[in-house]
Amino acid sequence: MFEAVEELLVEHAALEERLADPSVHADQANARKLSKRYAELTPITVAYRAWRQAGEDIEAAREFAAEDPDFYAEVKSSEARQAELTEELRLLLVPRDPNDEKDVILEIKAGEGGEESALFAGDLLRMYLRYAERVGWKTEFIDSNESDLGGYKDVSVAVKTRGTIEPGQGVWARLKYEGGVHRVQRVPATESQGRIHTSAAGVLVTPEAEEVEVEVHANDLRIDVYRSSGPGGQSVNTTDSAVRITHLPTGIVASCQNEKSQLQNKESAMRILRSRLLAAAQEAADLEASDARRSQVRTVDRSERIRTYNYPENRISDHRTGYKSYNLDQVLDGDLSPVIQSCVDADAAAKLAATQQN
């Protein structure tokens, strides 16, 4: 492990020297690439230097302890510190998801439960919008289909970062664990007897693809236009501005009806389609991987019923990580970081265990 760290330190120093050269910044794209890599290596460099310092402190404390036993406490303290830094380095060296810094398209769809499910989809949307606001991300509605009572049958939102991204703090790095079925237990607004019902909404998170990442041929697309509809299915436009795009080779469909312009709806639908095609290509690559690689796929997966929101108990439970807390009201108001962090930690632990087995 430490041989690999030494190589990364050499790379970090070389990058620092290159970034100090003003001529490098003439090519902004290359400068951003170098800066990104430099930012990735900096935490490793800092942790390794601290680890080496802890080793020097141990040696010095042992020398003093040979003459004064009171220094044995300092030896133990420095050894504990070095052990912590060793574990920190192992985690920092776990291979990163190449999509971690990407922006995402977040889709929420009502599931079983009719209007109650649609209302819950609206609650989930608000939770993610408030969370994005807390961490300083930008959000942009791409498409939505409201229900009669003000919920959402389905809604798509682009979530983007602002400015420089710290390693592991990109939108995909945090929100990729949200994909799956979210279950709610509460007394619905439509329930007159006060009985608790269980319903669900599905969340799909895909990294937003750039045009250069996904090649889409015009001949592979079927584009249908129709009149957009509102709650209850009534037509809200008198022109065929809504757009549905079908990728014929895969059968993947994306649609958008939010904008009044057919061209704008087409562009939004293409954004969704490209992201879904990128996600499908990555899933296909994982399926073709060896058994050994598949065994290392994170345990924090997108299996059904990933989380339960229990209103009567004010409880939120994540079924993948075992996380449980009784501040559901705060989570729904955007305090989602501890829940997500439990997924991040479980993912890192699984990856670390896999690397140690190899």
# chains A, B, ... in the order shown; residues from 1 in each chain; ligands from 1

$ residues_around --residues "Ser268 (chain A)" --least-positions-apart "2" --cutoff "12 Å" --atoms "only C-alpha atoms" --output "count of residues only"
32

$ residues_around --residues "region 178-181 of chain A" --least-positions-apart "5" --cutoff "12 Å" --atoms "only C-alpha atoms" --output "number ranges by chain"
A: 104-112, 117, 120-121, 124-125, 127-128, 171-173, 199-207, 300-309, 318-320, 336-337, 339-344

$ write_last_selection --atoms "C-alpha atoms" --output "PDB file, in the first residue's frame"
ATOM      1  CA  VAL A 104     -27.474  13.865 -12.133  1.00  0.00           C
ATOM      2  CA  ILE A 105     -31.008  13.576 -13.395  1.00  0.00           C
ATOM      3  CA  LEU A 106     -33.292  12.611 -10.531  1.00  0.00           C
ATOM      4  CA  GLU A 107     -36.623  11.000 -11.411  1.00  0.00           C
ATOM      5  CA  ILE A 108     -39.405  10.249  -8.943  1.00  0.00           C
ATOM      6  CA  LYS A 109     -42.417   8.134  -9.915  1.00  0.00           C
ATOM      7  CA  ALA A 110     -45.543   7.363  -7.917  1.00  0.00           C
ATOM      8  CA  GLY A 111     -46.046   3.647  -7.338  1.00  0.00           C
ATOM      9  CA  GLU A 112     -48.732   1.596  -5.631  1.00  0.00           C
ATOM     10  CA  SER A 117     -48.271   7.585  -3.569  1.00  0.00           C
ATOM     11  CA  PHE A 120     -45.470  10.971  -1.195  1.00  0.00           C
ATOM     12  CA  ALA A 121     -43.566  11.444  -4.467  1.00  0.00           C
ATOM     13  CA  LEU A 124     -39.656  13.117  -1.674  1.00  0.00           C
ATOM     14  CA  LEU A 125     -39.179  15.807  -4.294  1.00  0.00           C
ATOM     15  CA  MET A 127     -36.854  16.588   0.504  1.00  0.00           C
ATOM     16  CA  TYR A 128     -34.316  16.437  -2.328  1.00  0.00           C
ATOM     17  CA  VAL A 171     -23.944  15.156  -6.860  1.00  0.00           C
ATOM     18  CA  TRP A 172     -23.654  11.570  -8.125  1.00  0.00           C
ATOM     19  CA  ALA A 173     -21.260  10.700  -5.264  1.00  0.00           C
ATOM     20  CA  SER A 199     -47.528   3.029  -0.225  1.00  0.00           C
ATOM     21  CA  ALA A 200     -44.387   3.597  -2.226  1.00  0.00           C
ATOM     22  CA  ALA A 201     -42.653   5.776  -4.784  1.00  0.00           C
ATOM     23  CA  GLY A 202     -39.709   4.908  -7.007  1.00  0.00           C
ATOM     24  CA  VAL A 203     -36.570   7.022  -7.364  1.00  0.00           C
ATOM     25  CA  LEU A 204     -34.193   6.733 -10.312  1.00  0.00           C
ATOM     26  CA  VAL A 205     -30.866   8.589 -10.263  1.00  0.00           C
ATOM     27  CA  THR A 206     -28.637   8.641 -13.344  1.00  0.00           C
ATOM     28  CA  PRO A 207     -25.437  10.606 -13.977  1.00  0.00           C
ATOM     29  CA  VAL A 300     -25.405  -0.686  -0.986  1.00  0.00           C
ATOM     30  CA  ASP A 301     -27.304  -1.530  -4.167  1.00  0.00           C
ATOM     31  CA  ARG A 302     -30.565  -0.367  -5.675  1.00  0.00           C
ATOM     32  CA  SER A 303     -32.672  -3.250  -4.449  1.00  0.00           C
ATOM     33  CA  GLU A 304     -36.357  -2.674  -3.829  1.00  0.00           C
ATOM     34  CA  ARG A 305     -37.596  -1.077  -0.616  1.00  0.00           C
ATOM     35  CA  ILE A 306     -34.376   0.639   0.203  1.00  0.00           C
ATOM     36  CA  ARG A 307     -35.915   2.897   2.844  1.00  0.00           C
ATOM     37  CA  THR A 308     -39.035   3.263   4.995  1.00  0.00           C
ATOM     38  CA  TYR A 309     -40.525   6.565   6.166  1.00  0.00           C
ATOM     39  CA  ASP A 318     -32.500   2.474   5.611  1.00  0.00           C
ATOM     40  CA  HIS A 319     -32.768  -1.259   4.999  1.00  0.00           C
ATOM     41  CA  ARG A 320     -29.352  -1.564   3.310  1.00  0.00           C
ATOM     42  CA  LEU A 336     -30.558  14.021   4.578  1.00  0.00           C
ATOM     43  CA  SER A 337     -26.772  14.044   5.066  1.00  0.00           C
ATOM     44  CA  VAL A 339     -28.745   9.019   6.001  1.00  0.00           C
ATOM     45  CA  ILE A 340     -26.623   9.369   2.872  1.00  0.00           C
ATOM     46  CA  GLN A 341     -23.405   9.166   4.903  1.00  0.00           C
ATOM     47  CA  SER A 342     -24.472   5.776   6.256  1.00  0.00           C
ATOM     48  CA  CYS A 343     -24.617   4.570   2.625  1.00  0.00           C
ATOM     49  CA  VAL A 344     -21.272   6.152   1.769  1.00  0.00           C
TER      50      VAL A 344
END

$ atom_distance --atom1 "CA of Ala65 (chain A)" --atom2 "CA of Ala80 (chain A)"
16.6 Å

$ select_by_dssp --residues "region 83-234 of chain A" --states "alpha helix (DSSP H)" --output "PyMOL selection string"
chain A and resi 83-92+115-135+171-175

$ write_last_selection --atoms "C-alpha atoms" --output "short mmCIF file (atom, residue, chain, number, x, y, z; two decimals), in the first residue's frame"
data_model
loop_
_atom_site.label_atom_id
_atom_site.label_comp_id
_atom_site.auth_asym_id
_atom_site.auth_seq_id
_atom_site.Cartn_x
_atom_site.Cartn_y
_atom_site.Cartn_z
CA ALA A 83 -3.38 3.24 13.32
CA GLU A 84 -6.20 5.70 12.59
CA LEU A 85 -4.20 7.26 9.78
CA THR A 86 -3.42 3.83 8.33
CA GLU A 87 -7.15 3.09 8.09
CA GLU A 88 -7.80 6.55 6.64
CA LEU A 89 -5.18 5.92 3.95
CA ARG A 90 -6.71 2.56 3.08
CA LEU A 91 -10.09 4.23 2.56
CA LEU A 92 -8.56 7.03 0.49
CA GLU A 115 -53.09 9.60 -4.92
CA GLU A 116 -51.28 8.87 -1.64
CA SER A 117 -48.27 7.59 -3.57
CA ALA A 118 -48.31 10.70 -5.74
CA LEU A 119 -48.41 12.90 -2.64
CA PHE A 120 -45.47 10.97 -1.20
CA ALA A 121 -43.57 11.44 -4.47
CA GLY A 122 -44.12 15.17 -3.94
CA ASP A 123 -42.77 14.90 -0.39
CA LEU A 124 -39.66 13.12 -1.67
CA LEU A 125 -39.18 15.81 -4.29
CA ARG A 126 -39.34 18.52 -1.65
CA MET A 127 -36.85 16.59 0.50
CA TYR A 128 -34.32 16.44 -2.33
CA LEU A 129 -34.86 20.07 -3.30
CA ARG A 130 -34.31 21.19 0.30
CA TYR A 131 -31.24 18.96 0.62
CA ALA A 132 -29.80 20.41 -2.59
CA GLU A 133 -30.43 23.90 -1.22
CA ARG A 134 -28.62 23.03 2.02
CA VAL A 135 -25.48 21.77 0.28
CA VAL A 171 -23.94 15.16 -6.86
CA TRP A 172 -23.65 11.57 -8.13
CA ALA A 173 -21.26 10.70 -5.26
CA ARG A 174 -24.01 11.56 -2.77
CA LEU A 175 -27.29 10.86 -4.56
#

$ select_by_dssp --residues "region 113-344 of chain A" --states "strand (DSSP E)" --output "JSON, numbers by chain"
{"A": [138, 139, 140, 141, 142, 143, 144, 145, 146, 152, 153, 154, 155, 156, 157, 158, 159, 160, 180, 181, 182, 183, 184, 185, 186, 197, 198, 199, 200, 201, 202, 203, 204, 205, 206, 207, 221, 222, 223, 224, 225, 226, 242, 243, 244, 245, 246, 247, 252, 253, 254, 255, 256, 307, 308, 309, 310, 315, 316, 317, 318, 324, 325]}

$ closest_residue --among "A:Leu278, A:Val225, A:Ile44, A:Ala346" --to "Gly322 (chain A)" --atoms "only C-alpha atoms"
A:Ala346

$ residues_around --residues "Gln53 (chain A)" --least-positions-apart "3" --cutoff "12 Å" --atoms "only C-alpha atoms" --output "ChimeraX atom specification"
/A:46-50,56-60,78-79,81-82,85

$ residues_around --residues "Leu248 (chain A)" --least-positions-apart "4" --cutoff "8 Å" --atoms "only C-alpha atoms" --output "ChimeraX atom specification"
/A:220-222,252

$ decode --residues "region 3-18 of chain A" --atoms "all heavy atoms" --output "CSV table (one decimal), in the first residue's frame"
chain,number,residue,atom,x,y,z
A,3,GLU,N,3.9,1.7,-1.0
A,3,GLU,CA,4.7,1.9,-2.2
A,3,GLU,C,3.8,2.7,-3.2
A,3,GLU,O,4.2,3.6,-3.9
A,3,GLU,CB,5.1,0.5,-2.9
A,3,GLU,CG,6.2,-0.2,-2.1
A,3,GLU,CD,6.5,-1.5,-2.7
A,3,GLU,OE1,6.0,-1.8,-3.8
A,3,GLU,OE2,7.4,-2.2,-2.2
A,4,ALA,N,2.5,2.3,-3.3
A,4,ALA,CA,1.5,3.0,-4.1
A,4,ALA,C,1.4,4.5,-3.7
A,4,ALA,O,1.3,5.4,-4.6
A,4,ALA,CB,0.2,2.3,-4.1
A,5,VAL,N,1.4,4.7,-2.4
A,5,VAL,CA,1.3,6.1,-1.9
A,5,VAL,C,2.5,6.9,-2.3
A,5,VAL,O,2.3,8.1,-2.7
A,5,VAL,CB,1.1,6.1,-0.4
A,5,VAL,CG1,1.1,7.5,0.2
A,5,VAL,CG2,-0.2,5.4,0.0
A,6,GLU,N,3.7,6.3,-2.2
A,6,GLU,CA,4.9,7.0,-2.6
A,6,GLU,C,4.8,7.5,-4.1
A,6,GLU,O,5.2,8.6,-4.4
A,6,GLU,CB,6.1,6.2,-2.4
A,6,GLU,CG,6.4,5.9,-0.9
A,6,GLU,CD,7.1,7.1,-0.3
A,6,GLU,OE1,7.3,8.1,-0.9
A,6,GLU,OE2,7.4,7.0,0.9
A,7,GLU,N,4.3,6.6,-4.9
A,7,GLU,CA,4.1,7.0,-6.4
A,7,GLU,C,3.1,8.1,-6.5
A,7,GLU,O,3.3,9.0,-7.4
A,7,GLU,CB,3.6,5.7,-7.1
A,7,GLU,CG,4.6,4.6,-7.2
A,7,GLU,CD,4.1,3.4,-7.9
A,7,GLU,OE1,2.9,3.5,-8.4
A,7,GLU,OE2,4.8,2.4,-8.0
A,8,LEU,N,2.0,8.1,-5.7
A,8,LEU,CA,1.0,9.2,-5.8
A,8,LEU,C,1.6,10.5,-5.3
A,8,LEU,O,1.2,11.5,-5.8
A,8,LEU,CB,-0.2,8.8,-5.0
A,8,LEU,CG,-1.0,7.6,-5.5
A,8,LEU,CD1,-2.2,7.2,-4.6
A,8,LEU,CD2,-1.5,7.8,-6.9
A,9,LEU,N,2.5,10.4,-4.3
A,9,LEU,CA,3.1,11.6,-3.8
A,9,LEU,C,4.0,12.3,-4.9
A,9,LEU,O,4.0,13.5,-5.1
A,9,LEU,CB,4.0,11.3,-2.6
A,9,LEU,CG,3.4,11.7,-1.3
A,9,LEU,CD1,2.1,10.9,-1.0
A,9,LEU,CD2,4.4,11.5,-0.1
A,10,VAL,N,4.7,11.4,-5.7
A,10,VAL,CA,5.5,11.9,-6.8
A,10,VAL,C,4.6,12.6,-7.8
A,10,VAL,O,4.9,13.7,-8.3
A,10,VAL,CB,6.3,10.8,-7.4
A,10,VAL,CG1,7.0,11.3,-8.7
A,10,VAL,CG2,7.4,10.3,-6.4
A,11,GLU,N,3.5,12.0,-8.1
A,11,GLU,CA,2.5,12.5,-9.1
A,11,GLU,C,2.0,13.8,-8.6
A,11,GLU,O,1.8,14.8,-9.3
A,11,GLU,CB,1.4,11.5,-9.4
A,11,GLU,CG,0.4,12.0,-10.4
A,11,GLU,CD,-0.8,11.1,-10.6
A,11,GLU,OE1,-0.8,10.0,-10.0
A,11,GLU,OE2,-1.7,11.5,-11.4
A,12,HIS,N,1.7,13.9,-7.3
A,12,HIS,CA,1.1,15.1,-6.7
A,12,HIS,C,2.1,16.3,-6.8
A,12,HIS,O,1.7,17.4,-7.1
A,12,HIS,CB,0.8,14.8,-5.2
A,12,HIS,CG,0.1,16.0,-4.5
A,12,HIS,ND1,0.8,16.9,-3.8
A,12,HIS,CD2,-1.2,16.3,-4.4
A,12,HIS,CE1,0.0,17.8,-3.3
A,12,HIS,NE2,-1.3,17.5,-3.6
A,13,ALA,N,3.4,16.0,-6.5
A,13,ALA,CA,4.4,17.0,-6.6
A,13,ALA,C,4.5,17.5,-8.0
A,13,ALA,O,4.7,18.7,-8.3
A,13,ALA,CB,5.7,16.5,-6.1
A,14,ALA,N,4.5,16.6,-9.0
A,14,ALA,CA,4.6,17.0,-10.4
A,14,ALA,C,3.5,17.8,-10.9
A,14,ALA,O,3.6,18.8,-11.6
A,14,ALA,CB,4.7,15.7,-11.3
A,15,LEU,N,2.3,17.5,-10.4
A,15,LEU,CA,1.1,18.3,-10.7
A,15,LEU,C,1.2,19.7,-10.1
A,15,LEU,O,0.8,20.7,-10.8
A,15,LEU,CB,-0.2,17.6,-10.2
A,15,LEU,CG,-0.6,16.3,-11.0
A,15,LEU,CD1,-1.7,15.6,-10.2
A,15,LEU,CD2,-1.2,16.7,-12.4
A,16,GLU,N,1.6,19.7,-8.9
A,16,GLU,CA,1.8,21.1,-8.3
A,16,GLU,C,2.7,22.0,-9.1
A,16,GLU,O,2.4,23.2,-9.2
A,16,GLU,CB,2.3,20.8,-6.8
A,16,GLU,CG,2.3,22.1,-6.0
A,16,GLU,CD,2.6,21.8,-4.5
A,16,GLU,OE1,3.5,21.0,-4.3
A,16,GLU,OE2,1.9,22.4,-3.6
A,17,GLU,N,3.8,21.4,-9.5
A,17,GLU,CA,4.8,22.1,-10.3
A,17,GLU,C,4.1,22.6,-11.7
A,17,GLU,O,4.3,23.7,-12.1
A,17,GLU,CB,6.0,21.3,-10.6
A,17,GLU,CG,7.1,22.0,-11.3
A,17,GLU,CD,8.4,21.2,-11.4
A,17,GLU,OE1,8.5,20.2,-10.7
A,17,GLU,OE2,9.2,21.5,-12.2
A,18,ARG,N,3.4,21.7,-12.3
A,18,ARG,CA,2.8,22.0,-13.6
A,18,ARG,C,1.7,23.1,-13.4
A,18,ARG,O,1.6,24.0,-14.2
A,18,ARG,CB,2.2,20.8,-14.2
A,18,ARG,CG,3.2,19.8,-14.7
A,18,ARG,CD,2.5,18.6,-15.4
A,18,ARG,NE,1.9,19.1,-16.7
A,18,ARG,CZ,1.1,18.3,-17.5
A,18,ARG,NH1,0.9,17.0,-17.1
A,18,ARG,NH2,0.6,18.8,-18.6
